[in-house]
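Visitor: Take a look at this one; I'll ask things after.
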Amino acid sequence: MEITMTLSKDRVVVLVDDYKKYQLTDKHPDTVRGYVTDIRDYLGWCADHGSEIGPVDADHLLQYCRHLFDVRNCDVTTVAKKIGAVRRYYCYLGYNY
């Protein structure tokens, strides 16, 4: 079953809150805080760009990486951490990336 929904800022808040509750079941609160920050940033970027939450392709992730490098001035390590958080989020949604 594929999940596809247009993201609004309100929907991002709900999705992030649900993910946070799920992560708190077995992870340290500091770890969860980092995951939640990365996912909030990613979903906010998706909402700002009219993206849907659902299956993503390499081009979508490449655009997000470009945003992280060019707009947010993140270094390679930070981008890798954020993409790892995105991957874990999609696994939480049931996608196998």
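Residue names in the structure tokens use chain letters A, B, ... in the order shown, residue numbers from 1 in each chain, and ligand numbers from 1 in the order shown.
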Using DSSP assignments from the backbone, pull out every residue in range 5-51 of chain A that falls under alpha helix (DSSP H) and give it to me as a PDB file with all heavy atoms, in the first residue's frame.
Guide:
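File written: result.pdb
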```pdb
ATOM      1  N   LYS A   9       1.803  22.626   6.064  1.00  0.00           N
ATOM      2  CA  LYS A   9       2.551  22.863   7.308  1.00  0.00           C
ATOM      3  C   LYS A   9       1.849  22.201   8.495  1.00  0.00           C
ATOM      4  O   LYS A   9       2.500  21.647   9.369  1.00  0.00           O
ATOM      5  CB  LYS A   9       2.717  24.365   7.558  1.00  0.00           C
ATOM      6  CG  LYS A   9       3.590  25.055   6.550  1.00  0.00           C
ATOM      7  CD  LYS A   9       5.018  24.582   6.648  1.00  0.00           C
ATOM      8  CE  LYS A   9       5.887  25.389   5.694  1.00  0.00           C
ATOM      9  NZ  LYS A   9       7.269  25.007   5.733  1.00  0.00           N
ATOM     10  N   ASP A  10       0.519  22.214   8.510  1.00  0.00           N
ATOM     11  CA  ASP A  10      -0.220  21.562   9.595  1.00  0.00           C
ATOM     12  C   ASP A  10      -0.011  20.054   9.580  1.00  0.00           C
ATOM     13  O   ASP A  10       0.134  19.424  10.624  1.00  0.00           O
ATOM     14  CB  ASP A  10      -1.721  21.869   9.496  1.00  0.00           C
ATOM     15  CG  ASP A  10      -2.036  23.328   9.782  1.00  0.00           C
ATOM     16  OD1 ASP A  10      -1.235  23.987  10.484  1.00  0.00           O
ATOM     17  OD2 ASP A  10      -3.074  23.814   9.303  1.00  0.00           O
ATOM     18  N   ARG A  11      -0.007  19.480   8.397  1.00  0.00           N
ATOM     19  CA  ARG A  11       0.202  18.031   8.263  1.00  0.00           C
ATOM     20  C   ARG A  11       1.615  17.648   8.699  1.00  0.00           C
ATOM     21  O   ARG A  11       1.812  16.607   9.305  1.00  0.00           O
ATOM     22  CB  ARG A  11      -0.056  17.594   6.821  1.00  0.00           C
ATOM     23  CG  ARG A  11       0.005  16.118   6.625  1.00  0.00           C
ATOM     24  CD  ARG A  11      -1.208  15.439   7.265  1.00  0.00           C
ATOM     25  NE  ARG A  11      -1.064  14.004   7.106  1.00  0.00           N
ATOM     26  CZ  ARG A  11      -1.383  13.129   8.027  1.00  0.00           C
ATOM     27  NH1 ARG A  11      -1.920  13.522   9.161  1.00  0.00           N
ATOM     28  NH2 ARG A  11      -1.206  11.852   7.836  1.00  0.00           N
ATOM     29  N   VAL A  12       2.592  18.503   8.411  1.00  0.00           N
ATOM     30  CA  VAL A  12       3.967  18.251   8.831  1.00  0.00           C
ATOM     31  C   VAL A  12       4.039  18.136  10.348  1.00  0.00           C
ATOM     32  O   VAL A  12       4.673  17.230  10.889  1.00  0.00           O
ATOM     33  CB  VAL A  12       4.930  19.343   8.313  1.00  0.00           C
ATOM     34  CG1 VAL A  12       6.278  19.271   9.001  1.00  0.00           C
ATOM     35  CG2 VAL A  12       5.087  19.237   6.803  1.00  0.00           C
ATOM     36  N   VAL A  13       3.359  19.030  11.055  1.00  0.00           N
ATOM     37  CA  VAL A  13       3.361  19.004  12.516  1.00  0.00           C
ATOM     38  C   VAL A  13       2.820  17.668  13.029  1.00  0.00           C
ATOM     39  O   VAL A  13       3.403  17.054  13.931  1.00  0.00           O
ATOM     40  CB  VAL A  13       2.540  20.186  13.090  1.00  0.00           C
ATOM     41  CG1 VAL A  13       2.336  20.043  14.588  1.00  0.00           C
ATOM     42  CG2 VAL A  13       3.221  21.506  12.770  1.00  0.00           C
ATOM     43  N   VAL A  14       1.738  17.196  12.454  1.00  0.00           N
ATOM     44  CA  VAL A  14       1.133  15.929  12.874  1.00  0.00           C
ATOM     45  C   VAL A  14       2.070  14.758  12.572  1.00  0.00           C
ATOM     46  O   VAL A  14       2.289  13.889  13.424  1.00  0.00           O
ATOM     47  CB  VAL A  14      -0.238  15.718  12.189  1.00  0.00           C
ATOM     48  CG1 VAL A  14      -0.770  14.313  12.442  1.00  0.00           C
ATOM     49  CG2 VAL A  14      -1.231  16.768  12.668  1.00  0.00           C
ATOM     50  N   LEU A  15       2.630  14.728  11.380  1.00  0.00           N
ATOM     51  CA  LEU A  15       3.531  13.640  11.001  1.00  0.00           C
ATOM     52  C   LEU A  15       4.757  13.586  11.903  1.00  0.00           C
ATOM     53  O   LEU A  15       5.176  12.512  12.332  1.00  0.00           O
ATOM     54  CB  LEU A  15       3.959  13.779   9.537  1.00  0.00           C
ATOM     55  CG  LEU A  15       2.872  13.537   8.495  1.00  0.00           C
ATOM     56  CD1 LEU A  15       3.380  13.932   7.111  1.00  0.00           C
ATOM     57  CD2 LEU A  15       2.420  12.091   8.504  1.00  0.00           C
ATOM     58  N   VAL A  16       5.328  14.732  12.186  1.00  0.00           N
ATOM     59  CA  VAL A  16       6.515  14.786  13.044  1.00  0.00           C
ATOM     60  C   VAL A  16       6.167  14.342  14.458  1.00  0.00           C
ATOM     61  O   VAL A  16       6.915  13.584  15.085  1.00  0.00           O
ATOM     62  CB  VAL A  16       7.148  16.188  13.022  1.00  0.00           C
ATOM     63  CG1 VAL A  16       8.205  16.350  14.102  1.00  0.00           C
ATOM     64  CG2 VAL A  16       7.736  16.477  11.649  1.00  0.00           C
ATOM     65  N   ASP A  17       5.027  14.773  14.968  1.00  0.00           N
ATOM     66  CA  ASP A  17       4.615  14.377  16.313  1.00  0.00           C
ATOM     67  C   ASP A  17       4.406  12.870  16.401  1.00  0.00           C
ATOM     68  O   ASP A  17       4.841  12.231  17.365  1.00  0.00           O
ATOM     69  CB  ASP A  17       3.338  15.124  16.716  1.00  0.00           C
ATOM     70  CG  ASP A  17       3.001  14.910  18.178  1.00  0.00           C
ATOM     71  OD1 ASP A  17       3.899  15.110  19.034  1.00  0.00           O
ATOM     72  OD2 ASP A  17       1.849  14.535  18.472  1.00  0.00           O
ATOM     73  N   ASP A  18       3.767  12.279  15.400  1.00  0.00           N
ATOM     74  CA  ASP A  18       3.568  10.822  15.379  1.00  0.00           C
ATOM     75  C   ASP A  18       4.903  10.091  15.348  1.00  0.00           C
ATOM     76  O   ASP A  18       5.105   9.102  16.052  1.00  0.00           O
ATOM     77  CB  ASP A  18       2.731  10.400  14.163  1.00  0.00           C
ATOM     78  CG  ASP A  18       1.279  10.815  14.272  1.00  0.00           C
ATOM     79  OD1 ASP A  18       0.838  11.213  15.375  1.00  0.00           O
ATOM     80  OD2 ASP A  18       0.582  10.742  13.240  1.00  0.00           O
ATOM     81  N   TYR A  19       5.821  10.573  14.536  1.00  0.00           N
ATOM     82  CA  TYR A  19       7.137   9.951  14.421  1.00  0.00           C
ATOM     83  C   TYR A  19       7.901  10.058  15.746  1.00  0.00           C
ATOM     84  O   TYR A  19       8.546   9.102  16.183  1.00  0.00           O
ATOM     85  CB  TYR A  19       7.920  10.590  13.285  1.00  0.00           C
ATOM     86  CG  TYR A  19       9.239   9.927  13.001  1.00  0.00           C
ATOM     87  CD1 TYR A  19       9.305   8.592  12.618  1.00  0.00           C
ATOM     88  CD2 TYR A  19      10.429  10.630  13.089  1.00  0.00           C
ATOM     89  CE1 TYR A  19      10.515   7.982  12.340  1.00  0.00           C
ATOM     90  CE2 TYR A  19      11.642  10.031  12.806  1.00  0.00           C
ATOM     91  CZ  TYR A  19      11.684   8.704  12.436  1.00  0.00           C
ATOM     92  OH  TYR A  19      12.880   8.105  12.156  1.00  0.00           O
ATOM     93  N   LYS A  20       7.801  11.199  16.388  1.00  0.00           N
ATOM     94  CA  LYS A  20       8.473  11.397  17.673  1.00  0.00           C
ATOM     95  C   LYS A  20       7.963  10.405  18.709  1.00  0.00           C
ATOM     96  O   LYS A  20       8.754   9.764  19.416  1.00  0.00           O
ATOM     97  CB  LYS A  20       8.263  12.825  18.166  1.00  0.00           C
ATOM     98  CG  LYS A  20       8.917  13.119  19.489  1.00  0.00           C
ATOM     99  CD  LYS A  20       8.681  14.559  19.900  1.00  0.00           C
ATOM    100  CE  LYS A  20       9.322  14.857  21.231  1.00  0.00           C
ATOM    101  NZ  LYS A  20       9.093  16.249  21.637  1.00  0.00           N
ATOM    102  N   LYS A  21       6.666  10.241  18.796  1.00  0.00           N
ATOM    103  CA  LYS A  21       6.084   9.291  19.754  1.00  0.00           C
ATOM    104  C   LYS A  21       6.579   7.875  19.473  1.00  0.00           C
ATOM    105  O   LYS A  21       6.904   7.123  20.387  1.00  0.00           O
ATOM    106  CB  LYS A  21       4.560   9.344  19.686  1.00  0.00           C
ATOM    107  CG  LYS A  21       3.988  10.604  20.276  1.00  0.00           C
ATOM    108  CD  LYS A  21       2.482  10.667  20.080  1.00  0.00           C
ATOM    109  CE  LYS A  21       1.939  12.009  20.491  1.00  0.00           C
ATOM    110  NZ  LYS A  21       0.538  12.177  20.119  1.00  0.00           N
ATOM    111  N   TYR A  22       6.631   7.511  18.203  1.00  0.00           N
ATOM    112  CA  TYR A  22       7.113   6.191  17.822  1.00  0.00           C
ATOM    113  C   TYR A  22       8.584   6.011  18.229  1.00  0.00           C
ATOM    114  O   TYR A  22       8.957   4.983  18.791  1.00  0.00           O
ATOM    115  CB  TYR A  22       6.947   6.001  16.312  1.00  0.00           C
ATOM    116  CG  TYR A  22       7.677   4.805  15.763  1.00  0.00           C
ATOM    117  CD1 TYR A  22       7.160   3.526  15.934  1.00  0.00           C
ATOM    118  CD2 TYR A  22       8.885   4.946  15.077  1.00  0.00           C
ATOM    119  CE1 TYR A  22       7.824   2.417  15.438  1.00  0.00           C
ATOM    120  CE2 TYR A  22       9.550   3.850  14.576  1.00  0.00           C
ATOM    121  CZ  TYR A  22       9.022   2.587  14.762  1.00  0.00           C
ATOM    122  OH  TYR A  22       9.685   1.499  14.267  1.00  0.00           O
ATOM    123  N   GLN A  23       9.408   6.980  17.955  1.00  0.00           N
ATOM    124  CA  GLN A  23      10.838   6.874  18.257  1.00  0.00           C
ATOM    125  C   GLN A  23      11.104   6.835  19.760  1.00  0.00           C
ATOM    126  O   GLN A  23      12.040   6.180  20.211  1.00  0.00           O
ATOM    127  CB  GLN A  23      11.608   8.040  17.626  1.00  0.00           C
ATOM    128  CG  GLN A  23      11.720   7.969  16.138  1.00  0.00           C
ATOM    129  CD  GLN A  23      12.569   6.791  15.680  1.00  0.00           C
ATOM    130  OE1 GLN A  23      13.486   6.351  16.358  1.00  0.00           O
ATOM    131  NE2 GLN A  23      12.243   6.277  14.516  1.00  0.00           N
ATOM    132  N   PRO A  29      15.988  10.138  24.383  1.00  0.00           N
ATOM    133  CA  PRO A  29      15.364  11.408  23.986  1.00  0.00           C
ATOM    134  C   PRO A  29      16.277  12.329  23.169  1.00  0.00           C
ATOM    135  O   PRO A  29      15.808  13.026  22.271  1.00  0.00           O
ATOM    136  CB  PRO A  29      14.986  12.058  25.322  1.00  0.00           C
ATOM    137  CG  PRO A  29      14.791  10.899  26.244  1.00  0.00           C
ATOM    138  CD  PRO A  29      15.805   9.871  25.809  1.00  0.00           C
ATOM    139  N   ASP A  30      17.571  12.329  23.447  1.00  0.00           N
ATOM    140  CA  ASP A  30      18.484  13.168  22.657  1.00  0.00           C
ATOM    141  C   ASP A  30      18.576  12.683  21.215  1.00  0.00           C
ATOM    142  O   ASP A  30      18.642  13.474  20.282  1.00  0.00           O
ATOM    143  CB  ASP A  30      19.880  13.201  23.277  1.00  0.00           C
ATOM    144  CG  ASP A  30      19.905  13.943  24.605  1.00  0.00           C
ATOM    145  OD1 ASP A  30      18.979  14.755  24.861  1.00  0.00           O
ATOM    146  OD2 ASP A  30      20.837  13.716  25.394  1.00  0.00           O
ATOM    147  N   THR A  31      18.598  11.366  21.031  1.00  0.00           N
ATOM    148  CA  THR A  31      18.615  10.784  19.690  1.00  0.00           C
ATOM    149  C   THR A  31      17.334  11.143  18.959  1.00  0.00           C
ATOM    150  O   THR A  31      17.364  11.548  17.796  1.00  0.00           O
ATOM    151  CB  THR A  31      18.776   9.253  19.767  1.00  0.00           C
ATOM    152  OG1 THR A  31      19.986   8.953  20.455  1.00  0.00           O
ATOM    153  CG2 THR A  31      18.779   8.618  18.390  1.00  0.00           C
ATOM    154  N   VAL A  32      16.225  11.009  19.646  1.00  0.00           N
ATOM    155  CA  VAL A  32      14.921  11.318  19.051  1.00  0.00           C
ATOM    156  C   VAL A  32      14.861  12.790  18.664  1.00  0.00           C
ATOM    157  O   VAL A  32      14.368  13.131  17.584  1.00  0.00           O
ATOM    158  CB  VAL A  32      13.771  10.946  20.015  1.00  0.00           C
ATOM    159  CG1 VAL A  32      12.435  11.439  19.486  1.00  0.00           C
ATOM    160  CG2 VAL A  32      13.748   9.438  20.249  1.00  0.00           C
ATOM    161  N   ARG A  33      15.383  13.647  19.492  1.00  0.00           N
ATOM    162  CA  ARG A  33      15.376  15.088  19.198  1.00  0.00           C
ATOM    163  C   ARG A  33      16.100  15.359  17.876  1.00  0.00           C
ATOM    164  O   ARG A  33      15.631  16.135  17.043  1.00  0.00           O
ATOM    165  CB  ARG A  33      16.031  15.864  20.336  1.00  0.00           C
ATOM    166  CG  ARG A  33      15.878  17.367  20.220  1.00  0.00           C
ATOM    167  CD  ARG A  33      16.440  18.117  21.427  1.00  0.00           C
ATOM    168  NE  ARG A  33      15.903  17.606  22.681  1.00  0.00           N
ATOM    169  CZ  ARG A  33      16.644  17.008  23.630  1.00  0.00           C
ATOM    170  NH1 ARG A  33      17.940  16.874  23.494  1.00  0.00           N
ATOM    171  NH2 ARG A  33      16.079  16.565  24.734  1.00  0.00           N
ATOM    172  N   GLY A  34      17.230  14.708  17.667  1.00  0.00           N
ATOM    173  CA  GLY A  34      17.967  14.878  16.415  1.00  0.00           C
ATOM    174  C   GLY A  34      17.185  14.361  15.222  1.00  0.00           C
ATOM    175  O   GLY A  34      17.102  15.023  14.187  1.00  0.00           O
ATOM    176  N   TYR A  35      16.595  13.161  15.351  1.00  0.00           N
ATOM    177  CA  TYR A  35      15.784  12.605  14.270  1.00  0.00           C
ATOM    178  C   TYR A  35      14.622  13.531  13.931  1.00  0.00           C
ATOM    179  O   TYR A  35      14.337  13.794  12.770  1.00  0.00           O
ATOM    180  CB  TYR A  35      15.204  11.241  14.659  1.00  0.00           C
ATOM    181  CG  TYR A  35      16.168  10.093  14.714  1.00  0.00           C
ATOM    182  CD1 TYR A  35      15.751   8.876  15.230  1.00  0.00           C
ATOM    183  CD2 TYR A  35      17.474  10.183  14.256  1.00  0.00           C
ATOM    184  CE1 TYR A  35      16.603   7.778  15.282  1.00  0.00           C
ATOM    185  CE2 TYR A  35      18.336   9.097  14.315  1.00  0.00           C
ATOM    186  CZ  TYR A  35      17.896   7.901  14.836  1.00  0.00           C
ATOM    187  OH  TYR A  35      18.735   6.818  14.897  1.00  0.00           O
ATOM    188  N   VAL A  36      13.951  13.992  14.965  1.00  0.00           N
ATOM    189  CA  VAL A  36      12.766  14.834  14.765  1.00  0.00           C
ATOM    190  C   VAL A  36      13.142  16.149  14.081  1.00  0.00           C
ATOM    191  O   VAL A  36      12.445  16.601  13.172  1.00  0.00           O
ATOM    192  CB  VAL A  36      12.040  15.071  16.110  1.00  0.00           C
ATOM    193  CG1 VAL A  36      11.032  16.201  16.009  1.00  0.00           C
ATOM    194  CG2 VAL A  36      11.356  13.786  16.560  1.00  0.00           C
ATOM    195  N   THR A  37      14.239  16.738  14.477  1.00  0.00           N
ATOM    196  CA  THR A  37      14.696  17.980  13.836  1.00  0.00           C
ATOM    197  C   THR A  37      14.958  17.746  12.354  1.00  0.00           C
ATOM    198  O   THR A  37      14.528  18.529  11.501  1.00  0.00           O
ATOM    199  CB  THR A  37      15.964  18.508  14.528  1.00  0.00           C
ATOM    200  OG1 THR A  37      15.639  18.830  15.882  1.00  0.00           O
ATOM    201  CG2 THR A  37      16.511  19.744  13.828  1.00  0.00           C
ATOM    202  N   ASP A  38      15.667  16.652  12.044  1.00  0.00           N
ATOM    203  CA  ASP A  38      15.982  16.351  10.639  1.00  0.00           C
ATOM    204  C   ASP A  38      14.722  16.085   9.829  1.00  0.00           C
ATOM    205  O   ASP A  38      14.596  16.550   8.695  1.00  0.00           O
ATOM    206  CB  ASP A  38      16.926  15.156  10.551  1.00  0.00           C
ATOM    207  CG  ASP A  38      18.311  15.465  11.089  1.00  0.00           C
ATOM    208  OD1 ASP A  38      18.664  16.661  11.184  1.00  0.00           O
ATOM    209  OD2 ASP A  38      19.041  14.511  11.414  1.00  0.00           O
ATOM    210  N   ILE A  39      13.771  15.364  10.401  1.00  0.00           N
ATOM    211  CA  ILE A  39      12.534  15.048   9.676  1.00  0.00           C
ATOM    212  C   ILE A  39      11.657  16.289   9.535  1.00  0.00           C
ATOM    213  O   ILE A  39      11.050  16.509   8.495  1.00  0.00           O
ATOM    214  CB  ILE A  39      11.773  13.896  10.359  1.00  0.00           C
ATOM    215  CG1 ILE A  39      12.604  12.622  10.271  1.00  0.00           C
ATOM    216  CG2 ILE A  39      10.389  13.690   9.754  1.00  0.00           C
ATOM    217  CD1 ILE A  39      13.085  12.263   8.875  1.00  0.00           C
ATOM    218  N   ARG A  40      11.600  17.106  10.559  1.00  0.00           N
ATOM    219  CA  ARG A  40      10.828  18.359  10.469  1.00  0.00           C
ATOM    220  C   ARG A  40      11.387  19.233   9.342  1.00  0.00           C
ATOM    221  O   ARG A  40      10.635  19.780   8.534  1.00  0.00           O
ATOM    222  CB  ARG A  40      10.868  19.108  11.790  1.00  0.00           C
ATOM    223  CG  ARG A  40      10.016  20.370  11.787  1.00  0.00           C
ATOM    224  CD  ARG A  40      10.074  21.122  13.105  1.00  0.00           C
ATOM    225  NE  ARG A  40       9.599  20.297  14.197  1.00  0.00           N
ATOM    226  CZ  ARG A  40      10.316  19.957  15.266  1.00  0.00           C
ATOM    227  NH1 ARG A  40      11.559  20.373  15.406  1.00  0.00           N
ATOM    228  NH2 ARG A  40       9.793  19.211  16.219  1.00  0.00           N
ATOM    229  N   ASP A  41      12.707  19.325   9.274  1.00  0.00           N
ATOM    230  CA  ASP A  41      13.340  20.114   8.205  1.00  0.00           C
ATOM    231  C   ASP A  41      13.006  19.535   6.834  1.00  0.00           C
ATOM    232  O   ASP A  41      12.654  20.265   5.905  1.00  0.00           O
ATOM    233  CB  ASP A  41      14.857  20.151   8.382  1.00  0.00           C
ATOM    234  CG  ASP A  41      15.309  20.985   9.566  1.00  0.00           C
ATOM    235  OD1 ASP A  41      14.479  21.722  10.139  1.00  0.00           O
ATOM    236  OD2 ASP A  41      16.494  20.884   9.920  1.00  0.00           O
ATOM    237  N   TYR A  42      13.130  18.218   6.712  1.00  0.00           N
ATOM    238  CA  TYR A  42      12.867  17.564   5.426  1.00  0.00           C
ATOM    239  C   TYR A  42      11.408  17.724   5.002  1.00  0.00           C
ATOM    240  O   TYR A  42      11.125  18.117   3.870  1.00  0.00           O
ATOM    241  CB  TYR A  42      13.225  16.079   5.511  1.00  0.00           C
ATOM    242  CG  TYR A  42      12.776  15.296   4.315  1.00  0.00           C
ATOM    243  CD1 TYR A  42      13.387  15.465   3.074  1.00  0.00           C
ATOM    244  CD2 TYR A  42      11.722  14.394   4.408  1.00  0.00           C
ATOM    245  CE1 TYR A  42      12.962  14.749   1.961  1.00  0.00           C
ATOM    246  CE2 TYR A  42      11.300  13.673   3.310  1.00  0.00           C
ATOM    247  CZ  TYR A  42      11.916  13.856   2.089  1.00  0.00           C
ATOM    248  OH  TYR A  42      11.493  13.157   0.984  1.00  0.00           O
ATOM    249  N   LEU A  43      10.487  17.436   5.905  1.00  0.00           N
ATOM    250  CA  LEU A  43       9.067  17.551   5.559  1.00  0.00           C
ATOM    251  C   LEU A  43       8.676  19.002   5.296  1.00  0.00           C
ATOM    252  O   LEU A  43       7.835  19.272   4.435  1.00  0.00           O
ATOM    253  CB  LEU A  43       8.195  16.933   6.651  1.00  0.00           C
ATOM    254  CG  LEU A  43       8.325  15.420   6.825  1.00  0.00           C
ATOM    255  CD1 LEU A  43       7.481  14.940   8.007  1.00  0.00           C
ATOM    256  CD2 LEU A  43       7.967  14.675   5.563  1.00  0.00           C
ATOM    257  N   GLY A  44       9.285  19.937   6.012  1.00  0.00           N
ATOM    258  CA  GLY A  44       9.046  21.354   5.739  1.00  0.00           C
ATOM    259  C   GLY A  44       9.517  21.719   4.343  1.00  0.00           C
ATOM    260  O   GLY A  44       8.831  22.443   3.610  1.00  0.00           O
ATOM    261  N   TRP A  45      10.693  21.204   3.953  1.00  0.00           N
ATOM    262  CA  TRP A  45      11.200  21.442   2.600  1.00  0.00           C
ATOM    263  C   TRP A  45      10.236  20.838   1.574  1.00  0.00           C
ATOM    264  O   TRP A  45       9.922  21.486   0.569  1.00  0.00           O
ATOM    265  CB  TRP A  45      12.601  20.837   2.455  1.00  0.00           C
ATOM    266  CG  TRP A  45      13.154  20.951   1.083  1.00  0.00           C
ATOM    267  CD1 TRP A  45      13.798  22.038   0.544  1.00  0.00           C
ATOM    268  CD2 TRP A  45      13.105  19.959   0.051  1.00  0.00           C
ATOM    269  NE1 TRP A  45      14.149  21.767  -0.761  1.00  0.00           N
ATOM    270  CE2 TRP A  45      13.738  20.496  -1.086  1.00  0.00           C
ATOM    271  CE3 TRP A  45      12.595  18.664  -0.022  1.00  0.00           C
ATOM    272  CZ2 TRP A  45      13.876  19.787  -2.278  1.00  0.00           C
ATOM    273  CZ3 TRP A  45      12.723  17.955  -1.195  1.00  0.00           C
ATOM    274  CH2 TRP A  45      13.355  18.518  -2.306  1.00  0.00           C
ATOM    275  N   CYS A  46       9.763  19.623   1.840  1.00  0.00           N
ATOM    276  CA  CYS A  46       8.802  18.987   0.925  1.00  0.00           C
ATOM    277  C   CYS A  46       7.536  19.833   0.787  1.00  0.00           C
ATOM    278  O   CYS A  46       7.043  20.046  -0.323  1.00  0.00           O
ATOM    279  CB  CYS A  46       8.429  17.589   1.421  1.00  0.00           C
ATOM    280  SG  CYS A  46       9.733  16.354   1.265  1.00  0.00           S
ATOM    281  N   ALA A  47       7.018  20.323   1.906  1.00  0.00           N
ATOM    282  CA  ALA A  47       5.805  21.148   1.873  1.00  0.00           C
ATOM    283  C   ALA A  47       6.057  22.441   1.107  1.00  0.00           C
ATOM    284  O   ALA A  47       5.219  22.863   0.298  1.00  0.00           O
ATOM    285  CB  ALA A  47       5.335  21.453   3.291  1.00  0.00           C
ATOM    286  N   ASP A  48       7.206  23.053   1.316  1.00  0.00           N
ATOM    287  CA  ASP A  48       7.539  24.301   0.620  1.00  0.00           C
ATOM    288  C   ASP A  48       7.675  24.104  -0.885  1.00  0.00           C
ATOM    289  O   ASP A  48       7.469  25.040  -1.657  1.00  0.00           O
ATOM    290  CB  ASP A  48       8.844  24.894   1.151  1.00  0.00           C
ATOM    291  CG  ASP A  48       8.702  25.463   2.552  1.00  0.00           C
ATOM    292  OD1 ASP A  48       7.556  25.658   3.018  1.00  0.00           O
ATOM    293  OD2 ASP A  48       9.751  25.690   3.193  1.00  0.00           O
TER     294      ASP A  48
END
```
Visitor: Can you tell me, as a list of chain:residue names, which residues in chain A count as strand (DSSP E) by DSSP?
Guide: A:Met5, A:Thr6, A:Glu52, A:Ile53
Visitor: Could you work out how far CA of Pro55 in chain A lies from CA of Tyr90 in chain A, giving the answer in Å with one decimal?
Guide: 8.3 Å
Visitor: List as a ChimeraX atom specification the protein and nucleic acid residues near range 64-72 of chain A, meaning an atom at most 12 Å away when only C-alpha atoms are counted, but skip any in the same chain fewer than 3 places from it.
Guide: /A:38,41-46,48-49,51,56-61,75-84,86
